[in-house]
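**Q** So that you have it, the file is structure-v1.cif, and it contains mmCIF, C-alpha atoms:
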```cif
data_coords
#
loop_
_atom_site.group_PDB
_atom_site.id
_atom_site.type_symbol
_atom_site.label_atom_id
_atom_site.label_comp_id
_atom_site.auth_asym_id
_atom_site.auth_seq_id
_atom_site.Cartn_x
_atom_site.Cartn_y
_atom_site.Cartn_z
ATOM 1 C CA MET A 1 22.857 -76.012 8.974
ATOM 2 C CA ALA A 2 26.357 -74.599 9.050
ATOM 3 C CA ASP A 3 25.989 -73.198 5.517
ATOM 4 C CA ALA A 4 22.615 -71.720 6.407
ATOM 5 C CA ASP A 5 24.224 -70.111 9.443
ATOM 6 C CA GLU A 6 27.005 -68.683 7.290
ATOM 7 C CA ASP A 7 24.531 -66.929 5.005
ATOM 8 C CA LEU A 8 22.522 -65.655 7.947
ATOM 9 C CA VAL A 9 25.658 -64.404 9.687
ATOM 10 C CA LEU A 10 26.689 -62.583 6.527
ATOM 11 C CA GLN A 11 23.268 -60.953 6.241
ATOM 12 C CA SER A 12 23.353 -60.055 9.936
ATOM 13 C CA LYS A 13 26.738 -58.431 9.444
ATOM 14 C CA ASN A 14 25.105 -56.324 6.759
ATOM 15 C CA GLY A 15 22.535 -55.167 9.309
ATOM 16 C CA SER A 16 19.665 -57.577 8.669
ATOM 17 C CA ILE A 17 17.829 -58.053 11.958
ATOM 18 C CA ALA A 18 15.465 -60.505 10.246
ATOM 19 C CA ALA A 19 18.424 -62.775 9.417
ATOM 20 C CA PHE A 20 19.648 -62.496 12.984
ATOM 21 C CA GLU A 21 16.174 -63.431 14.237
ATOM 22 C CA THR A 22 16.397 -66.620 12.205
ATOM 23 C CA LEU A 23 19.756 -67.344 13.818
ATOM 24 C CA ILE A 24 18.110 -66.846 17.205
ATOM 25 C CA ARG A 25 15.337 -69.290 16.268
ATOM 26 C CA ASN A 26 17.928 -71.858 15.175
ATOM 27 C CA HIS A 27 19.920 -71.694 18.407
ATOM 28 C CA GLN A 28 17.557 -70.452 21.119
ATOM 29 C CA THR A 29 16.758 -73.894 22.576
ATOM 30 C CA MET A 30 20.406 -74.836 22.865
ATOM 31 C CA ILE A 31 21.341 -71.523 24.516
ATOM 32 C CA HIS A 32 18.404 -71.658 26.934
ATOM 33 C CA ALA A 33 19.426 -75.196 27.946
ATOM 34 C CA LEU A 34 22.999 -74.079 28.552
ATOM 35 C CA THR A 35 22.043 -71.012 30.586
ATOM 36 C CA PHE A 36 19.576 -73.050 32.645
ATOM 37 C CA ARG A 37 22.180 -75.736 33.411
ATOM 38 C CA MET A 38 24.568 -72.982 34.475
ATOM 39 C CA THR A 39 22.143 -71.013 36.655
ATOM 40 C CA GLY A 40 19.484 -73.475 37.775
ATOM 41 C CA SER A 41 16.888 -70.736 37.380
ATOM 42 C CA PRO A 42 14.451 -70.468 34.445
ATOM 43 C CA ALA A 43 14.155 -66.679 34.841
ATOM 44 C CA ASP A 44 17.909 -66.099 34.922
ATOM 45 C CA ALA A 45 18.331 -68.554 32.075
ATOM 46 C CA GLU A 46 15.972 -66.423 29.985
ATOM 47 C CA ASP A 47 17.788 -63.187 30.889
ATOM 48 C CA LEU A 48 21.161 -64.707 30.086
ATOM 49 C CA ALA A 49 19.933 -66.191 26.811
ATOM 50 C CA GLN A 50 18.691 -62.738 25.846
ATOM 51 C CA GLU A 51 21.984 -61.167 26.880
ATOM 52 C CA THR A 52 23.868 -63.788 24.857
ATOM 53 C CA PHE A 53 22.013 -62.942 21.652
ATOM 54 C CA ILE A 54 22.334 -59.202 22.236
ATOM 55 C CA ARG A 55 26.104 -59.537 22.703
ATOM 56 C CA ALA A 56 26.296 -61.811 19.673
ATOM 57 C CA TYR A 57 24.543 -59.200 17.530
ATOM 58 C CA GLU A 58 26.798 -56.425 18.808
ATOM 59 C CA GLN A 59 29.936 -58.485 18.172
ATOM 60 C CA ILE A 60 28.876 -60.248 14.985
ATOM 61 C CA ASN A 61 31.424 -58.332 12.928
ATOM 62 C CA HIS A 62 34.152 -59.937 15.045
ATOM 63 C CA PHE A 63 32.942 -63.430 14.098
ATOM 64 C CA ASN A 64 35.350 -64.466 11.361
ATOM 65 C CA GLY A 65 33.995 -67.942 10.660
ATOM 66 C CA GLY A 66 37.088 -69.639 12.122
ATOM 67 C CA ALA A 67 34.818 -71.719 14.356
ATOM 68 C CA LYS A 68 31.213 -72.818 13.930
ATOM 69 C CA PHE A 69 28.682 -70.093 14.726
ATOM 70 C CA ALA A 70 27.186 -72.362 17.401
ATOM 71 C CA THR A 71 30.579 -72.717 19.116
ATOM 72 C CA TRP A 72 31.070 -68.951 19.034
ATOM 73 C CA LEU A 73 27.578 -68.435 20.465
ATOM 74 C CA TYR A 74 28.248 -71.062 23.145
ATOM 75 C CA SER A 75 31.356 -69.168 24.151
ATOM 76 C CA ILE A 76 29.425 -65.918 24.561
ATOM 77 C CA ALA A 77 26.722 -67.699 26.581
ATOM 78 C CA VAL A 78 29.165 -69.488 28.886
ATOM 79 C CA HIS A 79 31.079 -66.293 29.620
ATOM 80 C CA ALA A 80 27.852 -64.388 30.230
ATOM 81 C CA CYS A 81 26.954 -67.109 32.761
ATOM 82 C CA LEU A 82 30.388 -67.008 34.391
ATOM 83 C CA ASN A 83 30.182 -63.227 34.742
ATOM 84 C CA TRP A 84 26.629 -63.484 35.993
ATOM 85 C CA ARG A 85 27.760 -65.981 38.601
ATOM 86 C CA ARG A 86 30.571 -63.643 39.630
ATOM 87 C CA ASN A 87 28.174 -60.726 39.961
ATOM 88 C CA GLU A 88 25.510 -62.748 41.663
ATOM 89 C CA ALA A 89 27.752 -64.709 44.016
ATOM 90 C CA ARG A 90 25.720 -63.691 47.034
ATOM 91 C CA ARG A 91 22.581 -65.083 45.504
ATOM 92 C CA PHE A 92 24.224 -68.436 44.900
ATOM 93 C CA GLN A 93 22.611 -70.418 47.682
ATOM 94 C CA ALA A 94 19.169 -68.879 47.178
ATOM 95 C CA GLN A 95 19.411 -69.716 43.472
ATOM 96 C CA ALA A 96 20.396 -73.305 44.136
ATOM 97 C CA ASP A 97 17.490 -73.726 46.570
ATOM 98 C CA CYS A 98 15.122 -72.158 44.061
ATOM 99 C CA ALA A 99 16.253 -74.600 41.369
ATOM 100 C CA VAL A 100 15.641 -77.555 43.649
ATOM 101 C CA GLU A 101 12.192 -76.234 44.593
ATOM 102 C CA MET A 102 11.355 -75.690 40.951
ATOM 103 C CA LEU A 103 12.322 -79.249 40.158
ATOM 104 C CA ALA A 104 10.274 -80.515 43.074
ATOM 105 C CA ARG A 105 7.212 -78.593 41.866
ATOM 106 C CA GLN A 106 7.675 -79.863 38.347
ATOM 107 C CA THR A 107 8.032 -83.479 39.399
ATOM 108 C CA ASP A 108 5.120 -83.245 41.861
ATOM 109 C CA ALA A 109 2.952 -81.858 39.118
ATOM 110 C CA ASP A 110 3.826 -84.839 36.954
ATOM 111 C CA ASN A 111 2.983 -87.180 39.868
ATOM 112 C CA SER A 112 6.395 -88.775 39.300
ATOM 113 C CA PRO A 113 8.697 -87.496 42.024
ATOM 114 C CA ASN A 114 12.227 -87.560 40.792
ATOM 115 C CA GLU A 115 14.498 -87.147 43.756
ATOM 116 C CA MET A 116 17.482 -88.186 41.746
ATOM 117 C CA ALA A 117 17.010 -85.191 39.456
ATOM 118 C CA GLN A 118 16.764 -82.843 42.436
ATOM 119 C CA GLN A 119 19.913 -84.263 43.950
ATOM 120 C CA ALA A 120 21.786 -84.063 40.681
ATOM 121 C CA GLN A 121 20.707 -80.470 40.125
ATOM 122 C CA ALA A 122 21.645 -79.480 43.669
ATOM 123 C CA ALA A 123 25.040 -81.160 43.363
ATOM 124 C CA LEU A 124 25.639 -79.448 40.022
ATOM 125 C CA MET A 125 24.749 -76.060 41.452
ATOM 126 C CA LYS A 126 27.225 -76.505 44.289
ATOM 127 C CA LEU A 127 30.140 -76.851 41.889
ATOM 128 C CA PRO A 128 32.347 -73.820 41.206
ATOM 129 C CA ALA A 129 31.058 -72.076 38.068
ATOM 130 C CA LYS A 130 33.994 -72.993 35.832
ATOM 131 C CA GLN A 131 33.797 -76.666 36.792
ATOM 132 C CA ARG A 132 30.034 -76.601 36.223
ATOM 133 C CA ALA A 133 30.611 -75.075 32.793
ATOM 134 C CA ALA A 134 33.043 -77.878 31.945
ATOM 135 C CA ILE A 135 30.487 -80.498 33.016
ATOM 136 C CA VAL A 136 27.613 -78.824 31.153
ATOM 137 C CA LEU A 137 29.608 -78.608 27.934
ATOM 138 C CA THR A 138 31.077 -82.100 28.025
ATOM 139 C CA ILE A 139 28.273 -84.146 29.581
ATOM 140 C CA TYR A 140 25.042 -82.369 28.615
ATOM 141 C CA ASP A 141 26.136 -80.915 25.289
ATOM 142 C CA GLY A 142 28.517 -83.704 24.324
ATOM 143 C CA LEU A 143 31.470 -81.505 23.390
ATOM 144 C CA ASN A 144 34.894 -83.124 23.501
ATOM 145 C CA HIS A 145 37.580 -81.526 25.628
ATOM 146 C CA ALA A 146 39.174 -79.710 22.682
ATOM 147 C CA GLU A 147 35.827 -78.149 21.686
ATOM 148 C CA ALA A 148 35.048 -77.242 25.303
ATOM 149 C CA ALA A 149 38.488 -75.624 25.576
ATOM 150 C CA LYS A 150 37.662 -73.403 22.580
ATOM 151 C CA VAL A 151 34.365 -72.380 24.148
ATOM 152 C CA LEU A 152 35.894 -71.754 27.567
ATOM 153 C CA ARG A 153 38.969 -70.060 26.031
ATOM 154 C CA CYS A 154 41.391 -72.173 28.029
ATOM 155 C CA SER A 155 43.674 -75.131 27.392
ATOM 156 C CA GLU A 156 42.447 -78.675 26.860
ATOM 157 C CA THR A 157 44.424 -79.741 29.925
ATOM 158 C CA THR A 158 42.537 -77.182 32.035
ATOM 159 C CA VAL A 159 39.225 -78.539 30.767
ATOM 160 C CA SER A 160 40.297 -82.119 31.514
ATOM 161 C CA TRP A 161 41.318 -81.133 35.024
ATOM 162 C CA ARG A 162 38.061 -79.259 35.664
ATOM 163 C CA VAL A 163 36.000 -82.192 34.378
ATOM 164 C CA PHE A 164 37.991 -84.653 36.478
ATOM 165 C CA THR A 165 37.669 -82.553 39.657
ATOM 166 C CA ALA A 166 33.984 -81.828 39.084
ATOM 167 C CA LYS A 167 33.148 -85.483 38.457
ATOM 168 C CA ARG A 168 34.960 -86.502 41.625
ATOM 169 C CA LYS A 169 32.953 -83.958 43.658
ATOM 170 C CA LEU A 170 29.668 -84.928 42.025
ATOM 171 C CA LYS A 171 30.240 -88.628 42.611
ATOM 172 C CA ARG A 172 31.096 -87.994 46.255
ATOM 173 C CA ARG A 173 28.039 -85.791 46.824
ATOM 174 C CA LEU A 174 25.590 -88.005 45.002
ATOM 175 C CA ALA A 175 26.973 -91.132 46.667
ATOM 176 C CA SER A 176 26.715 -89.566 50.145
ATOM 177 C CA ILE A 177 23.102 -88.569 49.484
ATOM 178 C CA GLY A 178 22.359 -92.133 48.362
ATOM 179 C CA LYS A 179 23.865 -93.532 51.572
ATOM 180 C CA LYS A 180 21.830 -91.193 53.804
ATOM 181 C CA GLN A 181 18.654 -92.474 52.215
ATOM 182 C CA MET B 182 29.862 -94.769 41.176
ATOM 183 C CA ASN B 183 31.373 -94.894 37.692
ATOM 184 C CA ASP B 184 31.279 -92.216 34.965
ATOM 185 C CA PHE B 185 28.356 -93.829 33.183
ATOM 186 C CA GLU B 186 26.216 -93.876 36.342
ATOM 187 C CA LEU B 187 27.128 -90.247 37.061
ATOM 188 C CA GLN B 188 26.153 -89.174 33.548
ATOM 189 C CA SER B 189 22.871 -91.047 33.819
ATOM 190 C CA LYS B 190 22.080 -89.305 37.096
ATOM 191 C CA LEU B 191 23.013 -85.873 35.758
ATOM 192 C CA LYS B 192 20.896 -86.354 32.659
ATOM 193 C CA THR B 193 17.795 -86.950 34.768
ATOM 194 C CA VAL B 194 17.679 -83.205 35.482
ATOM 195 C CA PRO B 195 14.868 -81.891 33.267
ATOM 196 C CA LEU B 196 14.881 -78.544 31.479
ATOM 197 C CA PRO B 197 12.088 -76.093 32.299
ATOM 198 C CA GLU B 198 9.135 -76.505 29.996
ATOM 199 C CA ARG B 199 8.387 -73.482 27.851
ATOM 200 C CA THR B 200 5.417 -72.965 25.587
ATOM 201 C CA GLU B 201 5.483 -72.709 21.805
ATOM 202 C CA GLU B 202 4.403 -69.109 22.245
ATOM 203 C CA TYR B 203 7.499 -68.428 24.322
ATOM 204 C CA TRP B 204 9.797 -69.733 21.584
ATOM 205 C CA GLU B 205 7.871 -67.754 18.974
ATOM 206 C CA ASP B 206 8.125 -64.528 20.972
ATOM 207 C CA PHE B 207 11.679 -64.835 22.183
ATOM 208 C CA PRO B 208 13.443 -63.551 19.014
ATOM 209 C CA ALA B 209 11.087 -60.565 18.945
ATOM 210 C CA ARG B 210 11.918 -59.787 22.574
ATOM 211 C CA VAL B 211 15.614 -59.843 21.741
ATOM 212 C CA ARG B 212 14.950 -57.509 18.791
ATOM 213 C CA VAL B 213 13.078 -55.071 21.050
ATOM 214 C CA GLU B 214 15.916 -55.188 23.562
ATOM 215 C CA LEU B 215 18.441 -54.605 20.775
ATOM 216 C CA ARG B 216 16.578 -51.490 19.646
ATOM 217 C CA ARG B 217 16.241 -50.300 23.225
ATOM 218 C CA THR B 218 19.941 -50.718 23.982
ATOM 219 C CA ALA B 219 21.185 -49.318 20.645
ATOM 220 C CA PRO B 220 21.338 -45.621 21.715
ATOM 221 C CA ARG B 221 23.085 -46.596 24.934
ATOM 222 C CA GLU B 222 25.687 -48.558 22.960
ATOM 223 C CA ASP B 223 26.176 -45.608 20.640
ATOM 224 C CA LEU B 224 26.835 -43.412 23.634
ATOM 225 C CA THR B 225 29.185 -45.797 25.351
ATOM 226 C CA GLU B 226 31.071 -47.182 22.368
ATOM 227 C CA HIS B 227 31.179 -44.215 20.036
ATOM 228 C CA GLY B 228 29.494 -41.202 21.599
ATOM 229 C CA LEU B 229 31.432 -41.071 24.814
ATOM 230 C CA PRO B 230 34.944 -41.088 23.302
ATOM 231 C CA GLN B 231 33.815 -38.498 20.758
ATOM 232 C CA PHE B 232 32.384 -36.345 23.514
ATOM 233 C CA ALA B 233 35.588 -36.711 25.540
ATOM 234 C CA TRP B 234 37.702 -35.797 22.508
ATOM 235 C CA ARG B 235 35.581 -32.717 21.839
ATOM 236 C CA LEU B 236 35.721 -31.651 25.460
ATOM 237 C CA GLY B 237 39.480 -32.147 25.540
ATOM 238 C CA ALA B 238 39.997 -30.233 22.303
ATOM 239 C CA SER B 239 37.792 -27.360 23.538
ATOM 240 C CA PHE B 240 39.742 -27.184 26.767
ATOM 241 C CA ALA B 241 43.061 -27.196 24.907
ATOM 242 C CA CYS B 242 41.816 -24.371 22.613
ATOM 243 C CA LEU B 243 40.683 -22.390 25.650
ATOM 244 C CA VAL B 244 44.052 -22.779 27.366
ATOM 245 C CA ILE B 245 45.967 -21.835 24.190
ATOM 246 C CA GLY B 246 43.613 -18.895 23.603
ATOM 247 C CA LEU B 247 44.068 -17.581 27.124
ATOM 248 C CA PHE B 248 47.814 -18.009 26.835
ATOM 249 C CA VAL B 249 48.003 -16.193 23.489
ATOM 250 C CA LEU B 250 45.598 -13.429 24.542
ATOM 251 C CA GLY B 251 47.320 -13.085 27.875
ATOM 252 C CA GLN B 252 50.745 -12.421 26.362
ATOM 253 C CA PRO B 253 50.221 -8.738 25.264
ATOM 254 C CA LEU B 254 48.387 -7.949 28.514
ATOM 255 C CA LYS B 255 51.133 -9.595 30.479
ATOM 256 C CA ALA B 256 53.787 -7.741 28.467
ATOM 257 C CA ALA B 257 51.989 -4.411 28.950
ATOM 258 C CA SER B 258 51.546 -4.962 32.671
ATOM 259 C CA ASN B 259 55.211 -5.948 32.917
ATOM 260 C CA THR B 260 56.231 -2.760 31.119
ATOM 261 C CA ILE B 261 54.044 -0.631 33.364
ATOM 262 C CA PHE B 262 55.326 -2.404 36.432
ATOM 263 C CA LYS B 263 58.960 -1.938 35.343
ATOM 264 C CA ASN B 264 58.382 1.739 34.547
ATOM 265 C CA GLU B 265 56.188 2.428 37.552
ATOM 266 C CA ARG B 266 58.727 4.765 39.073
ATOM 267 C CA THR B 267 59.124 6.801 35.873
ATOM 268 C CA ILE B 268 55.352 7.015 35.414
ATOM 269 C CA ARG B 269 54.862 8.197 38.972
ATOM 270 C CA CYS B 270 57.515 10.893 38.436
ATOM 271 C CA GLN B 271 55.874 12.046 35.202
ATOM 272 C CA LEU B 272 52.455 12.119 36.838
ATOM 273 C CA ALA B 273 53.883 14.165 39.705
ATOM 274 C CA GLU B 274 55.499 16.649 37.288
ATOM 275 C CA LEU B 275 52.537 16.958 34.942
ATOM 276 C CA PRO B 276 49.517 16.150 37.089
ATOM 277 C CA HIS B 277 46.955 17.814 34.805
ATOM 278 C CA HIS B 278 48.676 17.628 31.416
ATOM 279 C CA LEU B 279 49.491 13.977 30.980
ATOM 280 C CA ARG B 280 46.809 12.536 28.719
ATOM 281 C CA VAL B 281 48.104 9.255 27.279
ATOM 282 C CA LEU B 282 50.871 6.852 28.217
ATOM 283 C CA MET B 283 52.082 4.401 25.557
ATOM 284 C CA ALA B 284 54.642 1.651 25.703
ATOM 285 C CA ASP B 285 56.328 -0.036 22.711
ATOM 286 C CA GLU B 286 59.656 -1.665 21.916
ATOM 287 C CA HIS B 287 61.341 1.728 22.144
ATOM 288 C CA GLY B 288 60.094 2.448 25.640
ATOM 289 C CA LEU B 289 57.462 4.734 27.194
ATOM 290 C CA HIS B 290 55.843 7.639 25.304
ATOM 291 C CA TYR B 291 53.652 10.382 26.677
ATOM 292 C CA LEU B 292 51.009 12.536 25.156
ATOM 293 C CA VAL B 293 50.935 15.814 26.993
ATOM 294 C CA ALA B 294 48.117 18.368 26.705
ATOM 295 C CA GLU B 295 49.073 21.994 26.301
ATOM 296 C CA LYS B 296 46.071 23.204 28.298
ATOM 297 C CA GLN B 297 44.080 21.594 31.034
#
```
As a first step, turn the structure in this file into structure tokens.
**A**
Amino acid sequence: MADADEDLVLQSKNGSIAAFETLIRNHQTMIHALTFRMTGSPADAEDLAQETFIRAYEQINHFNGGAKFATWLYSIAVHACLNWRRNEARRFQAQADCAVEMLARQTDADNSPNEMAQQAQAALMKLPAKQRAAIVLTIYDGLNHAEAAKVLRCSETTVSWRVFTAKRKLKRRLASIGKKQ
Amino acid sequence: MNDFELQSKLKTVPLPERTEEYWEDFPARVRVELRRTAPREDLTEHGLPQFAWRLGASFACLVIGLFVLGQPLKAASNTIFKNERTIRCQLAELPHHLRVLMADEHGLHYLVAEKQ
């Protein structure tokens, strides 16, 4: 896959949009998952995924192959989400509520209510964006702290601290919800 | 709650379901957006600095041009101003005969008509 990406990146650098479209096809699911975990909104996730690929195409000449293409793309997506969160700070609560409602609708439709999923999503959305990014990368995407540090463009220690703090908050929130019920 | 339990809970959050059609169309939508944003990028990343450079260069040329063109006029007006008294005297003495007044590095020169 990595070799295939290399060829496609090279062709994209030479201006081949068709090659870049193949790169999009290869990575679109992963990027959509990341942007959804970061925003909690399917519509915003789509917009941010689109923005990620547009930025990637514009900056593809800066990709020197030092890291995997997927890692580079992840980095663009995470920073697009962090900037989006910064710009959309006022919409934060509405977005979180929307995500919970969406989950509720989805689970109701399946006739298998999953309150745990709603609680987890709500707790995740309440985290500060950078802590959420650390959790998404390490827990959902399985990156180790060194890889997450590359994506987040910060030190490994910073990632470890963000993961530690975020986990502590999540455990507290999810445990308190469990007690109330 | 331990880390394993937390991870299990977090992983229960499902991703939104999207149709095959959506995944098929998505790259094409990005391509359309790329084409749509291309002129804007040209303007912001390349066009705008070029435009600013051109505007700056034009302004600089205009200033230099005005400065260069203004020098002889300024020099002439200075000469006239300095020699105002002399000119007035000459005009008073030869009110109907003085035709041309010239100034050069040697001073003022007059062209006087013999007849009115």
**Q** With 12 Å as the threshold, what does the neighbourhood of (32.9, -76.8, 34.2) contain in terms of residues, counting all atoms listed in the file? Coordinates are those of the file; answer as a VMD selection string.
**A** chain A and resid 34 37 to 38 78 to 79 81 to 82 124 to 141 143 145 148 to 149 151 to 152 154 158 to 167 169 to 170
**Q** How big is the axis-aligned box, and where does its centre sit, when it encloses all atoms of stretch 188-198 of chain B listed in the file and has 5 Å added on every side, reported in Å to one decimal as AutoDock Vina command-line options?
**A**
```
--center_x 17.6 --center_y -83.6 --center_z 33.5 --size_x 27.0 --size_y 25.0 --size_z 17.1
```
**Q** One number please: atom CA of A:Leu73 to atom CA of A:Asn14, in Å, one decimal.
**A**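 Atom-to-atom, atom CA of A:Leu73 and atom CA of A:Asn14 are spaced 18.5 Å apart.
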**Q** Have a look at A:Lys68, A:Lys171, A:His62, A:Lys13 and name the one nearest to chain B; count all atoms listed in the file.
**A** A:Lys171
**Q** Mind giving me the straight-line distance from atom CA of B:Leu282 to atom CA of B:Lys255 in Å, one decimal?
**A**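 Distance reported for this atom pair: 16.6 Å.
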**Q** As a ChimeraX atom specification, please: the residues near A:Phe69 (cut-off 9 Å, only C-alpha atoms, same-chain neighbours under 3 positions excluded).
**A** /A:2,5-6,9,63,65-66,72-74
**Q** Using only C-alpha atoms and a cut-off of 12 Å, which residues of chain B sit close to chain A? Please list them as a PyMOL selection string.
**A** chain B and resi 182-201+203-219+222-223+226
**Q** If I take atom CA of B:Ala256 and atom CA of B:Asp285, how far is one from the other in Å, to one decimal?
**A** 9.9 Å
**Q** Do you know which residues are at most 12 Å from B:Met283 counting all atoms listed in the file, after dropping those on the same chain fewer than 2 positions away, and could you put them as number ranges by chain?
**A** B: 257-258, 260-261, 264, 268, 279-281, 285-293
**Q** Just write the chosen residues, C-alpha atoms, as a compact mmCIF listing (two decimals), keeping the file's coordinate frame.
**A**
```
# COMPACT_ATOMS: atom_id res chain seq x y z
CA ALA B 257 51.99 -4.41 28.95
CA SER B 258 51.55 -4.96 32.67
CA THR B 260 56.23 -2.76 31.12
CA ILE B 261 54.04 -0.63 33.36
CA ASN B 264 58.38 1.74 34.55
CA ILE B 268 55.35 7.02 35.41
CA LEU B 279 49.49 13.98 30.98
CA ARG B 280 46.81 12.54 28.72
CA VAL B 281 48.10 9.26 27.28
CA ASP B 285 56.33 -0.04 22.71
CA GLU B 286 59.66 -1.66 21.92
CA HIS B 287 61.34 1.73 22.14
CA GLY B 288 60.09 2.45 25.64
CA LEU B 289 57.46 4.73 27.19
CA HIS B 290 55.84 7.64 25.30
CA TYR B 291 53.65 10.38 26.68
CA LEU B 292 51.01 12.54 25.16
CA VAL B 293 50.94 15.81 26.99
```
**Q** Check the smallest atom-to-atom distance from each of B:Ala294, B:Gly246, B:Phe262, B:Leu236 to B:Pro276 using all atoms listed in the file, then report the winner.
**A**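 Of B:Ala294, B:Gly246, B:Phe262, B:Leu236, the one nearest B:Pro276 is B:Ala294, counting all atoms listed in the file.
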**Q** Could N, CA and C atoms be built for stretch 51-66 of chain A and written out as a JSON list (two decimals), keeping the file's coordinate frame?
**A**
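Saved as result_32.json:
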```
[["chain", "number", "residue", "atom", "x", "y", "z"],
["A", 51, "GLU", "N", 20.71, -61.90, 26.85],
["A", 51, "GLU", "CA", 21.98, -61.17, 26.88],
["A", 51, "GLU", "C", 22.98, -61.77, 25.89],
["A", 52, "THR", "N", 22.97, -63.10, 25.79],
["A", 52, "THR", "CA", 23.87, -63.79, 24.86],
["A", 52, "THR", "C", 23.61, -63.34, 23.43],
["A", 53, "PHE", "N", 22.33, -63.32, 23.03],
["A", 53, "PHE", "CA", 22.01, -62.94, 21.65],
["A", 53, "PHE", "C", 22.27, -61.45, 21.40],
["A", 54, "ILE", "N", 22.05, -60.64, 22.40],
["A", 54, "ILE", "CA", 22.33, -59.20, 22.24],
["A", 54, "ILE", "C", 23.83, -58.99, 22.03],
["A", 55, "ARG", "N", 24.64, -59.66, 22.86],
["A", 55, "ARG", "CA", 26.10, -59.54, 22.70],
["A", 55, "ARG", "C", 26.55, -60.08, 21.35],
["A", 56, "ALA", "N", 25.92, -61.20, 20.96],
["A", 56, "ALA", "CA", 26.30, -61.81, 19.67],
["A", 56, "ALA", "C", 26.03, -60.83, 18.54],
["A", 57, "TYR", "N", 24.88, -60.16, 18.60],
["A", 57, "TYR", "CA", 24.54, -59.20, 17.53],
["A", 57, "TYR", "C", 25.53, -58.03, 17.52],
["A", 58, "GLU", "N", 25.87, -57.57, 18.72],
["A", 58, "GLU", "CA", 26.80, -56.42, 18.81],
["A", 58, "GLU", "C", 28.20, -56.79, 18.32],
["A", 59, "GLN", "N", 28.56, -58.08, 18.51],
["A", 59, "GLN", "CA", 29.94, -58.48, 18.17],
["A", 59, "GLN", "C", 30.01, -59.29, 16.88],
["A", 60, "ILE", "N", 28.91, -59.33, 16.14],
["A", 60, "ILE", "CA", 28.88, -60.25, 14.98],
["A", 60, "ILE", "C", 29.95, -59.92, 13.95],
["A", 61, "ASN", "N", 30.36, -58.68, 13.88],
["A", 61, "ASN", "CA", 31.42, -58.33, 12.93],
["A", 61, "ASN", "C", 32.77, -58.92, 13.32],
["A", 62, "HIS", "N", 32.90, -59.31, 14.58],
["A", 62, "HIS", "CA", 34.15, -59.94, 15.04],
["A", 62, "HIS", "C", 34.17, -61.44, 14.77],
["A", 63, "PHE", "N", 32.99, -62.00, 14.40],
["A", 63, "PHE", "CA", 32.94, -63.43, 14.10],
["A", 63, "PHE", "C", 33.52, -63.64, 12.71],
["A", 64, "ASN", "N", 34.66, -64.35, 12.65],
["A", 64, "ASN", "CA", 35.35, -64.47, 11.36],
["A", 64, "ASN", "C", 35.12, -65.81, 10.68],
["A", 65, "GLY", "N", 34.29, -66.66, 11.29],
["A", 65, "GLY", "CA", 33.99, -67.94, 10.66],
["A", 65, "GLY", "C", 35.06, -68.99, 10.93],
["A", 66, "GLY", "N", 36.04, -68.68, 11.78],
["A", 66, "GLY", "CA", 37.09, -69.64, 12.12],
["A", 66, "GLY", "C", 36.53, -70.85, 12.85]]
```
